[in-house]
Amino acid sequence: MKIVNYSMLAILALGTLAPSLALAQSGSRLCGYVAIETPTKIGLLYEARDDDASYHKQCDVAINETMDKINGNAQLKTMKWKKIERFKCEEVGNMGFINPGQSPDICDNMEAKQGYKVMKQGKANATYEKQ
């Protein structure tokens with residue numbers, strides 16, 4: 001009977017831990033820009049799939065179009081930006097877009113081949129707005 005109890009306990013423990021395990025969004029990479037040294041973290045990001053034949057072109061276009069948007073907006077232009085060129089989703093998530101205990105894979109909240117404005121202020125969860 002004790003073996004059954006330990007087995008059930010192990011199953012329950014795994015069920016509790018499984019949702020918190022961080023699994024990378026396989027094949028996704030982010031391109032665009034992230035505002036650094038700002039109280040509110042801002043990412044103007046595009047999720048590309050590295051198995052697409054046009055992967056490199058998609059990223060290059062996203063980076064160029066994002067910089068055009070930044071340069072065309074007086075407020076955005078005053079901020080310091082870091083270029084995101086084919087970064088893993090977790091790398092960008094760890095740049096201040098997640099709270100402790102959350103998965104750093106921010107691509108879980110995005111769709112491939114889509115641009116997003118990702119914002120995070122303080123302890124609030126990040127918001128994801130399609131662009």
# chains A, B, ... in the order shown; residues from 1 in each chain; ligands from 1

$ residues_around --residues "Tyr46 in chain A" --least-positions-apart "3" --cutoff "7 Å" --atoms "only C-alpha atoms" --output "ChimeraX atom specification"
/A:30-32,62,113-116

$ residues_around --residues "range 92-97 of chain A" --least-positions-apart "4" --cutoff "12 Å" --atoms "only C-alpha atoms" --output "VMD selection string"
chain A and resid 22 24 28 to 47 82 to 88 101 to 109 117 to 128

$ atom_distance --atom1 "CA of Met110 in chain A" --atom2 "CA of Trp81 in chain A"
21.1 Å

$ select_by_dssp --residues "range 4-129 of chain A" --states "strand (DSSP E or B)" --output "ChimeraX atom specification"
/A:28-36,40-49,80-88,114-121,127-129

$ atom_distance --atom1 "CA of Asn73 in chain A" --atom2 "CA of Glu129 in chain A"
17.8 Å

$ closest_residue --among "A:Ala74, A:Ala48, A:Ala112, A:Met79" --to "Val61 in chain A" --atoms "only C-alpha atoms"
A:Ala48

$ atom_distance --atom1 "CA of Asn99 in chain A" --atom2 "CA of Gly27 in chain A"
23.7 Å

$ decode --residues "range 7-131 of chain A" --atoms "C-alpha atoms" --output "mmCIF file, in the first residue's frame"
data_model
loop_
_atom_site.group_PDB
_atom_site.id
_atom_site.type_symbol
_atom_site.label_atom_id
_atom_site.label_comp_id
_atom_site.auth_asym_id
_atom_site.auth_seq_id
_atom_site.Cartn_x
_atom_site.Cartn_y
_atom_site.Cartn_z
ATOM 1 C CA SER A 7 3.698 6.339 -6.715
ATOM 2 C CA MET A 8 0.639 8.577 -6.462
ATOM 3 C CA LEU A 9 2.713 11.208 -4.671
ATOM 4 C CA ALA A 10 5.319 11.099 -7.448
ATOM 5 C CA ILE A 11 2.630 11.456 -10.122
ATOM 6 C CA LEU A 12 1.059 14.398 -8.303
ATOM 7 C CA ALA A 13 4.453 16.063 -7.864
ATOM 8 C CA LEU A 14 5.250 15.713 -11.563
ATOM 9 C CA GLY A 15 1.854 17.092 -12.500
ATOM 10 C CA THR A 16 2.480 20.114 -10.313
ATOM 11 C CA LEU A 17 5.977 20.751 -11.684
ATOM 12 C CA ALA A 18 5.300 20.125 -15.365
ATOM 13 C CA PRO A 19 3.554 23.451 -16.109
ATOM 14 C CA SER A 20 6.485 25.390 -14.664
ATOM 15 C CA LEU A 21 9.114 23.714 -16.824
ATOM 16 C CA ALA A 22 10.405 26.089 -19.506
ATOM 17 C CA LEU A 23 10.448 24.547 -22.943
ATOM 18 C CA ALA A 24 11.869 26.617 -25.769
ATOM 19 C CA GLN A 25 9.722 27.534 -28.733
ATOM 20 C CA SER A 26 11.532 25.267 -31.161
ATOM 21 C CA GLY A 27 12.771 27.081 -34.245
ATOM 22 C CA SER A 28 11.586 30.554 -33.255
ATOM 23 C CA ARG A 29 13.909 33.540 -33.215
ATOM 24 C CA LEU A 30 13.195 37.204 -32.535
ATOM 25 C CA CYS A 31 14.258 40.177 -34.607
ATOM 26 C CA GLY A 32 13.722 43.885 -33.983
ATOM 27 C CA TYR A 33 14.722 46.231 -31.160
ATOM 28 C CA VAL A 34 14.428 46.446 -27.377
ATOM 29 C CA ALA A 35 14.501 49.747 -25.481
ATOM 30 C CA ILE A 36 17.153 49.521 -22.811
ATOM 31 C CA GLU A 37 17.744 51.709 -19.773
ATOM 32 C CA THR A 38 14.036 52.550 -19.507
ATOM 33 C CA PRO A 39 11.676 51.989 -16.554
ATOM 34 C CA THR A 40 9.157 50.363 -18.906
ATOM 35 C CA LYS A 41 10.693 47.618 -21.017
ATOM 36 C CA ILE A 42 9.649 47.935 -24.652
ATOM 37 C CA GLY A 43 10.297 45.403 -27.378
ATOM 38 C CA LEU A 44 9.380 45.966 -30.998
ATOM 39 C CA LEU A 45 9.800 42.385 -32.111
ATOM 40 C CA TYR A 46 9.046 40.015 -34.948
ATOM 41 C CA GLU A 47 8.943 36.249 -34.436
ATOM 42 C CA ALA A 48 10.526 34.391 -37.329
ATOM 43 C CA ARG A 49 10.825 30.657 -37.876
ATOM 44 C CA ASP A 50 14.375 29.580 -38.685
ATOM 45 C CA ASP A 51 13.178 26.683 -40.855
ATOM 46 C CA ASP A 52 11.512 29.083 -43.333
ATOM 47 C CA ALA A 53 13.409 29.562 -46.592
ATOM 48 C CA SER A 54 12.990 33.349 -46.193
ATOM 49 C CA TYR A 55 14.037 33.401 -42.514
ATOM 50 C CA HIS A 56 17.035 35.722 -42.956
ATOM 51 C CA LYS A 57 15.105 38.073 -45.245
ATOM 52 C CA GLN A 58 12.149 38.213 -42.815
ATOM 53 C CA CYS A 59 14.483 39.241 -39.998
ATOM 54 C CA ASP A 60 16.328 41.807 -42.093
ATOM 55 C CA VAL A 61 13.048 43.385 -43.224
ATOM 56 C CA ALA A 62 11.666 43.394 -39.662
ATOM 57 C CA ILE A 63 14.827 45.048 -38.302
ATOM 58 C CA ASN A 64 14.860 47.725 -41.033
ATOM 59 C CA GLU A 65 11.131 48.483 -40.757
ATOM 60 C CA THR A 66 11.346 48.667 -36.972
ATOM 61 C CA MET A 67 14.233 51.137 -37.125
ATOM 62 C CA ASP A 68 12.236 53.220 -39.618
ATOM 63 C CA LYS A 69 9.332 53.318 -37.109
ATOM 64 C CA ILE A 70 11.690 54.310 -34.277
ATOM 65 C CA ASN A 71 13.290 57.074 -36.366
ATOM 66 C CA GLY A 72 9.858 58.300 -37.466
ATOM 67 C CA ASN A 73 8.602 58.754 -33.890
ATOM 68 C CA ALA A 74 10.070 61.622 -31.850
ATOM 69 C CA GLN A 75 9.477 59.892 -28.493
ATOM 70 C CA LEU A 76 10.890 56.521 -29.567
ATOM 71 C CA LYS A 77 13.869 58.176 -31.250
ATOM 72 C CA THR A 78 15.081 59.615 -27.922
ATOM 73 C CA MET A 79 15.369 56.130 -26.359
ATOM 74 C CA LYS A 80 18.438 53.903 -26.421
ATOM 75 C CA TRP A 81 17.734 50.707 -28.403
ATOM 76 C CA LYS A 82 19.424 47.313 -28.629
ATOM 77 C CA LYS A 83 19.233 45.498 -31.936
ATOM 78 C CA ILE A 84 17.720 42.015 -31.674
ATOM 79 C CA GLU A 85 18.975 39.948 -34.573
ATOM 80 C CA ARG A 86 17.909 36.315 -34.516
ATOM 81 C CA PHE A 87 17.946 36.048 -30.713
ATOM 82 C CA LYS A 88 16.422 33.081 -28.930
ATOM 83 C CA CYS A 89 13.058 33.860 -27.344
ATOM 84 C CA GLU A 90 14.443 33.105 -23.880
ATOM 85 C CA GLU A 91 17.330 35.557 -24.334
ATOM 86 C CA VAL A 92 14.916 38.394 -25.008
ATOM 87 C CA GLY A 93 12.550 37.287 -22.243
ATOM 88 C CA ASN A 94 15.434 37.505 -19.780
ATOM 89 C CA MET A 95 16.072 41.135 -20.777
ATOM 90 C CA GLY A 96 13.416 42.237 -18.301
ATOM 91 C CA PHE A 97 10.193 41.009 -19.907
ATOM 92 C CA ILE A 98 9.360 38.302 -17.356
ATOM 93 C CA ASN A 99 8.653 38.071 -13.654
ATOM 94 C CA PRO A 100 10.436 35.608 -11.369
ATOM 95 C CA GLY A 101 9.085 32.104 -11.859
ATOM 96 C CA GLN A 102 7.747 32.785 -15.371
ATOM 97 C CA SER A 103 9.034 31.024 -18.452
ATOM 98 C CA PRO A 104 11.568 33.227 -20.254
ATOM 99 C CA ASP A 105 10.252 31.944 -23.608
ATOM 100 C CA ILE A 106 8.195 34.984 -24.563
ATOM 101 C CA CYS A 107 7.432 33.448 -27.967
ATOM 102 C CA ASP A 108 4.847 31.327 -26.156
ATOM 103 C CA ASN A 109 2.768 34.532 -26.097
ATOM 104 C CA MET A 110 3.338 35.366 -29.754
ATOM 105 C CA GLU A 111 2.557 34.022 -33.219
ATOM 106 C CA ALA A 112 5.210 33.289 -35.820
ATOM 107 C CA LYS A 113 5.579 35.683 -38.766
ATOM 108 C CA GLN A 114 3.988 38.475 -36.765
ATOM 109 C CA GLY A 115 5.273 41.739 -35.302
ATOM 110 C CA TYR A 116 4.569 42.676 -31.682
ATOM 111 C CA LYS A 117 5.002 45.543 -29.293
ATOM 112 C CA VAL A 118 5.881 43.906 -25.979
ATOM 113 C CA MET A 119 5.774 46.087 -22.870
ATOM 114 C CA LYS A 120 6.499 45.385 -19.227
ATOM 115 C CA GLN A 121 6.414 47.823 -16.346
ATOM 116 C CA GLY A 122 7.353 46.917 -12.792
ATOM 117 C CA LYS A 123 5.901 43.689 -11.441
ATOM 118 C CA ALA A 124 3.000 43.596 -13.896
ATOM 119 C CA ASN A 125 3.038 40.880 -16.556
ATOM 120 C CA ALA A 126 4.201 41.891 -20.005
ATOM 121 C CA THR A 127 1.589 42.866 -22.579
ATOM 122 C CA TYR A 128 1.751 41.691 -26.188
ATOM 123 C CA GLU A 129 0.177 43.836 -28.895
ATOM 124 C CA LYS A 130 0.158 42.712 -32.524
ATOM 125 C CA GLN A 131 1.558 45.314 -34.884
#
